[in-house]
Every structure is written in C-alpha cells, then in structure tokens.
Amino acid sequence: MGAERTKVKKGDRVRHPRLGEGVLYKMGKYGWLVDFSNEKGVLVRGCHTEDLELINEQETKTRTRE
C-alpha cells in the first residue's frame with residue numbers, strides 16, 4: 001500500500017483504509033488533501049501518502065457536480 005508522490009497527481013482516484021474512495025485535491029505539507037464527498041455531504045481530509053492506494057488515474061482535474 002502507499003501511493004508514491006511521483007506516481008499520483010491531482011484528480012486521481014484513491015482509496016483510504018478507513019474513509020473509503022476519494023479524489024486527490026491538493027498536495028499538502030505532509031501528504032494530500034483528499035475529497036471524500038458524496039451525495040450525503042462534503043468531506044475533505046488531509047491524508048498521509050503512505051495511507052492512500054491508487055485506484056486509477058484520471059485526466060480530469062476537478063470533479064463536476066450534476
């Protein structure tokens with residue numbers, strides 16, 4: 001487990017062991033800010049890079065709401 005800093009970029013989908021799936025939002029001092037928002041509400045948390053598992057890479061930089 002652990003997404004390396006060089007392999008991930010903003011907009012990639014990742015999985016956190018406790019918080020579930022999210023989208024990388026911004027690189028922070030100690031890791032990434034990850035957007036875990038869904039239809040229930042908004043949730044953005046700071047996560048250490050070693051706690052994130054890369055699901056797939058996406059070309060989009062931001063998530064659009066429907």
# chains A, B, ... in the order shown; residues from 1 in each chain; ligands from 1
$ residues_around --residues "region 20-37 of chain A" --least-positions-apart "2" --cutoff "7 Å" --atoms "only C-alpha atoms" --output "ChimeraX atom specification"
/A:10-18,41-49
$ select_by_dssp --residues "region 3-39 of chain A" --states "strand (DSSP E)" --output "list of chain:residue names"
A:Arg13, A:Val14, A:Arg15, A:His16, A:Gly20, A:Glu21, A:Gly22, A:Val23, A:Leu24, A:Tyr25, A:Lys26, A:Met27, A:Gly31, A:Trp32, A:Leu33, A:Val34, A:Asp35
$ write_last_selection --atoms "all heavy atoms" --output "tab-separated table (two decimals), in the first residue's frame"
chain	number	residue	atom	x	y	z
A	13	ARG	N	-8.09	9.04	-8.53
A	13	ARG	CA	-8.93	8.40	-7.52
A	13	ARG	C	-8.06	7.51	-6.65
A	13	ARG	O	-7.21	6.78	-7.14
A	13	ARG	CB	-10.04	7.59	-8.18
A	13	ARG	CG	-11.02	8.47	-8.94
A	13	ARG	CD	-12.22	7.71	-9.45
A	13	ARG	NE	-12.97	7.05	-8.39
A	13	ARG	CZ	-13.80	7.67	-7.53
A	13	ARG	NH1	-13.97	8.95	-7.61
A	13	ARG	NH2	-14.46	6.98	-6.63
A	14	VAL	N	-8.29	7.60	-5.33
A	14	VAL	CA	-7.52	6.82	-4.36
A	14	VAL	C	-8.47	6.18	-3.35
A	14	VAL	O	-9.63	6.56	-3.24
A	14	VAL	CB	-6.49	7.70	-3.61
A	14	VAL	CG1	-5.40	8.18	-4.55
A	14	VAL	CG2	-7.15	8.87	-2.93
A	15	ARG	N	-7.94	5.20	-2.62
A	15	ARG	CA	-8.70	4.52	-1.56
A	15	ARG	C	-7.94	4.66	-0.25
A	15	ARG	O	-6.75	4.43	-0.18
A	15	ARG	CB	-8.89	3.05	-1.90
A	15	ARG	CG	-9.69	2.29	-0.84
A	15	ARG	CD	-9.97	0.85	-1.23
A	15	ARG	NE	-10.88	0.82	-2.36
A	15	ARG	CZ	-10.59	0.27	-3.55
A	15	ARG	NH1	-9.43	-0.26	-3.77
A	15	ARG	NH2	-11.47	0.27	-4.51
A	16	HIS	N	-8.68	5.05	0.79
A	16	HIS	CA	-8.13	5.15	2.14
A	16	HIS	C	-8.72	4.00	2.95
A	16	HIS	O	-9.91	3.68	2.78
A	16	HIS	CB	-8.52	6.50	2.76
A	16	HIS	CG	-7.89	6.76	4.08
A	16	HIS	ND1	-8.44	6.33	5.25
A	16	HIS	CD2	-6.75	7.42	4.41
A	16	HIS	CE1	-7.67	6.70	6.26
A	16	HIS	NE2	-6.63	7.37	5.77
A	20	GLY	N	-12.51	5.35	2.80
A	20	GLY	CA	-13.04	4.86	1.52
A	20	GLY	C	-12.41	5.55	0.33
A	20	GLY	O	-11.27	5.99	0.38
A	21	GLU	N	-13.18	5.65	-0.77
A	21	GLU	CA	-12.67	6.19	-2.02
A	21	GLU	C	-12.81	7.71	-2.05
A	21	GLU	O	-13.77	8.27	-1.55
A	21	GLU	CB	-13.41	5.58	-3.20
A	21	GLU	CG	-13.16	4.10	-3.35
A	21	GLU	CD	-13.85	3.53	-4.57
A	21	GLU	OE1	-14.41	4.30	-5.37
A	21	GLU	OE2	-13.82	2.31	-4.72
A	22	GLY	N	-11.82	8.34	-2.67
A	22	GLY	CA	-11.84	9.79	-2.80
A	22	GLY	C	-11.02	10.24	-3.99
A	22	GLY	O	-10.45	9.43	-4.72
A	23	VAL	N	-10.96	11.56	-4.18
A	23	VAL	CA	-10.23	12.16	-5.29
A	23	VAL	C	-9.17	13.09	-4.72
A	23	VAL	O	-9.44	13.89	-3.83
A	23	VAL	CB	-11.20	12.97	-6.20
A	23	VAL	CG1	-10.44	13.66	-7.32
A	23	VAL	CG2	-12.28	12.09	-6.76
A	24	LEU	N	-7.95	12.97	-5.23
A	24	LEU	CA	-6.87	13.84	-4.78
A	24	LEU	C	-7.19	15.28	-5.14
A	24	LEU	O	-7.53	15.58	-6.29
A	24	LEU	CB	-5.54	13.43	-5.41
A	24	LEU	CG	-5.00	12.08	-4.99
A	24	LEU	CD1	-3.71	11.79	-5.74
A	24	LEU	CD2	-4.77	12.01	-3.51
A	25	TYR	N	-7.09	16.16	-4.16
A	25	TYR	CA	-7.48	17.54	-4.36
A	25	TYR	C	-6.28	18.48	-4.41
A	25	TYR	O	-6.16	19.30	-5.30
A	25	TYR	CB	-8.44	17.96	-3.25
A	25	TYR	CG	-8.88	19.40	-3.30
A	25	TYR	CD1	-9.67	19.86	-4.34
A	25	TYR	CD2	-8.49	20.29	-2.32
A	25	TYR	CE1	-10.06	21.18	-4.41
A	25	TYR	CE2	-8.89	21.61	-2.36
A	25	TYR	CZ	-9.67	22.05	-3.41
A	25	TYR	OH	-10.05	23.35	-3.47
A	26	LYS	N	-5.37	18.37	-3.43
A	26	LYS	CA	-4.25	19.30	-3.34
A	26	LYS	C	-3.12	18.66	-2.54
A	26	LYS	O	-3.38	18.01	-1.53
A	26	LYS	CB	-4.72	20.58	-2.66
A	26	LYS	CG	-3.70	21.66	-2.56
A	26	LYS	CD	-4.30	22.90	-1.89
A	26	LYS	CE	-3.26	23.97	-1.71
A	26	LYS	NZ	-3.79	25.13	-1.00
A	27	MET	N	-1.89	18.90	-2.98
A	27	MET	CA	-0.73	18.41	-2.24
A	27	MET	C	-0.50	19.30	-1.04
A	27	MET	O	-0.49	20.52	-1.16
A	27	MET	CB	0.50	18.43	-3.15
A	27	MET	CG	1.73	17.90	-2.52
A	27	MET	SD	1.55	16.16	-2.21
A	27	MET	CE	3.06	15.80	-1.38
A	31	GLY	N	1.22	15.35	3.07
A	31	GLY	CA	0.52	14.39	2.23
A	31	GLY	C	-0.43	15.11	1.28
A	31	GLY	O	-0.12	16.17	0.77
A	32	TRP	N	-1.61	14.55	1.12
A	32	TRP	CA	-2.61	15.09	0.19
A	32	TRP	C	-3.88	15.49	0.92
A	32	TRP	O	-4.26	14.86	1.90
A	32	TRP	CB	-2.99	14.03	-0.84
A	32	TRP	CG	-1.96	13.84	-1.90
A	32	TRP	CD1	-0.92	12.96	-1.89
A	32	TRP	CD2	-1.88	14.53	-3.13
A	32	TRP	NE1	-0.20	13.07	-3.03
A	32	TRP	CE2	-0.78	14.02	-3.82
A	32	TRP	CE3	-2.65	15.54	-3.73
A	32	TRP	CZ2	-0.41	14.48	-5.08
A	32	TRP	CZ3	-2.27	15.99	-4.98
A	32	TRP	CH2	-1.17	15.46	-5.65
A	33	LEU	N	-4.55	16.51	0.39
A	33	LEU	CA	-5.93	16.77	0.77
A	33	LEU	C	-6.77	15.93	-0.18
A	33	LEU	O	-6.60	16.00	-1.40
A	33	LEU	CB	-6.29	18.24	0.61
A	33	LEU	CG	-5.71	19.19	1.64
A	33	LEU	CD1	-6.13	20.61	1.31
A	33	LEU	CD2	-6.17	18.84	3.03
A	34	VAL	N	-7.64	15.11	0.38
A	34	VAL	CA	-8.44	14.19	-0.42
A	34	VAL	C	-9.91	14.52	-0.24
A	34	VAL	O	-10.39	14.71	0.88
A	34	VAL	CB	-8.17	12.72	-0.02
A	34	VAL	CG1	-8.96	11.78	-0.89
A	34	VAL	CG2	-6.69	12.41	-0.11
A	35	ASP	N	-10.63	14.61	-1.35
A	35	ASP	CA	-12.06	14.91	-1.36
A	35	ASP	C	-12.84	13.60	-1.30
A	35	ASP	O	-12.85	12.83	-2.26
A	35	ASP	CB	-12.40	15.69	-2.64
A	35	ASP	CG	-13.86	16.06	-2.74
A	35	ASP	OD1	-14.60	15.88	-1.75
A	35	ASP	OD2	-14.27	16.53	-3.81
$ decode --residues "region 5-27 of chain A" --atoms "N, CA, C and O atoms" --output "compact mmCIF listing (two decimals), in the first residue's frame"
# COMPACT_ATOMS: atom_id res chain seq x y z
N ARG A 5 4.54 9.78 -4.25
CA ARG A 5 4.29 11.16 -4.65
C ARG A 5 4.48 11.38 -6.14
O ARG A 5 3.80 12.17 -6.75
N THR A 6 5.44 10.71 -6.75
CA THR A 6 5.73 10.92 -8.16
C THR A 6 4.70 10.25 -9.06
O THR A 6 4.54 10.65 -10.20
N LYS A 7 4.00 9.25 -8.57
CA LYS A 7 3.07 8.50 -9.41
C LYS A 7 1.66 9.07 -9.40
O LYS A 7 0.89 8.78 -10.30
N VAL A 8 1.31 9.85 -8.41
CA VAL A 8 -0.06 10.36 -8.33
C VAL A 8 -0.09 11.85 -8.67
O VAL A 8 0.91 12.55 -8.55
N LYS A 9 -1.25 12.30 -9.14
CA LYS A 9 -1.43 13.71 -9.47
C LYS A 9 -2.84 14.12 -9.12
O LYS A 9 -3.70 13.28 -8.84
N LYS A 10 -3.07 15.40 -9.09
CA LYS A 10 -4.37 15.95 -8.76
C LYS A 10 -5.44 15.36 -9.68
O LYS A 10 -5.25 15.27 -10.88
N GLY A 11 -6.55 14.92 -9.09
CA GLY A 11 -7.65 14.34 -9.87
C GLY A 11 -7.67 12.83 -9.88
O GLY A 11 -8.65 12.23 -10.30
N ASP A 12 -6.60 12.18 -9.44
CA ASP A 12 -6.57 10.71 -9.40
C ASP A 12 -7.48 10.20 -8.28
O ASP A 12 -7.63 10.81 -7.25
N ARG A 13 -8.09 9.04 -8.53
CA ARG A 13 -8.93 8.40 -7.52
C ARG A 13 -8.06 7.51 -6.65
O ARG A 13 -7.21 6.78 -7.14
N VAL A 14 -8.29 7.60 -5.33
CA VAL A 14 -7.52 6.82 -4.36
C VAL A 14 -8.47 6.18 -3.35
O VAL A 14 -9.63 6.56 -3.24
N ARG A 15 -7.94 5.20 -2.62
CA ARG A 15 -8.70 4.52 -1.56
C ARG A 15 -7.94 4.66 -0.25
O ARG A 15 -6.75 4.43 -0.18
N HIS A 16 -8.68 5.05 0.79
CA HIS A 16 -8.13 5.15 2.14
C HIS A 16 -8.72 4.00 2.95
O HIS A 16 -9.91 3.68 2.78
N PRO A 17 -7.95 3.35 3.83
CA PRO A 17 -8.46 2.18 4.56
C PRO A 17 -9.71 2.45 5.39
O PRO A 17 -10.59 1.60 5.48
N ARG A 18 -9.83 3.63 6.00
CA ARG A 18 -10.98 3.93 6.87
C ARG A 18 -12.03 4.80 6.19
O ARG A 18 -13.22 4.59 6.36
N LEU A 19 -11.60 5.77 5.38
CA LEU A 19 -12.52 6.74 4.80
C LEU A 19 -13.10 6.33 3.45
O LEU A 19 -14.06 6.92 2.99
N GLY A 20 -12.51 5.35 2.80
CA GLY A 20 -13.04 4.86 1.52
C GLY A 20 -12.41 5.55 0.33
O GLY A 20 -11.27 5.99 0.38
N GLU A 21 -13.18 5.65 -0.77
CA GLU A 21 -12.67 6.19 -2.02
C GLU A 21 -12.81 7.71 -2.05
O GLU A 21 -13.77 8.27 -1.55
N GLY A 22 -11.82 8.34 -2.67
CA GLY A 22 -11.84 9.79 -2.80
C GLY A 22 -11.02 10.24 -3.99
O GLY A 22 -10.45 9.43 -4.72
N VAL A 23 -10.96 11.56 -4.18
CA VAL A 23 -10.23 12.16 -5.29
C VAL A 23 -9.17 13.09 -4.72
O VAL A 23 -9.44 13.89 -3.83
N LEU A 24 -7.95 12.97 -5.23
CA LEU A 24 -6.87 13.84 -4.78
C LEU A 24 -7.19 15.28 -5.14
O LEU A 24 -7.53 15.58 -6.29
N TYR A 25 -7.09 16.16 -4.16
CA TYR A 25 -7.48 17.54 -4.36
C TYR A 25 -6.28 18.48 -4.41
O TYR A 25 -6.16 19.30 -5.30
N LYS A 26 -5.37 18.37 -3.43
CA LYS A 26 -4.25 19.30 -3.34
C LYS A 26 -3.12 18.66 -2.54
O LYS A 26 -3.38 18.01 -1.53
N MET A 27 -1.89 18.90 -2.98
CA MET A 27 -0.73 18.41 -2.24
C MET A 27 -0.50 19.30 -1.04
O MET A 27 -0.49 20.52 -1.16
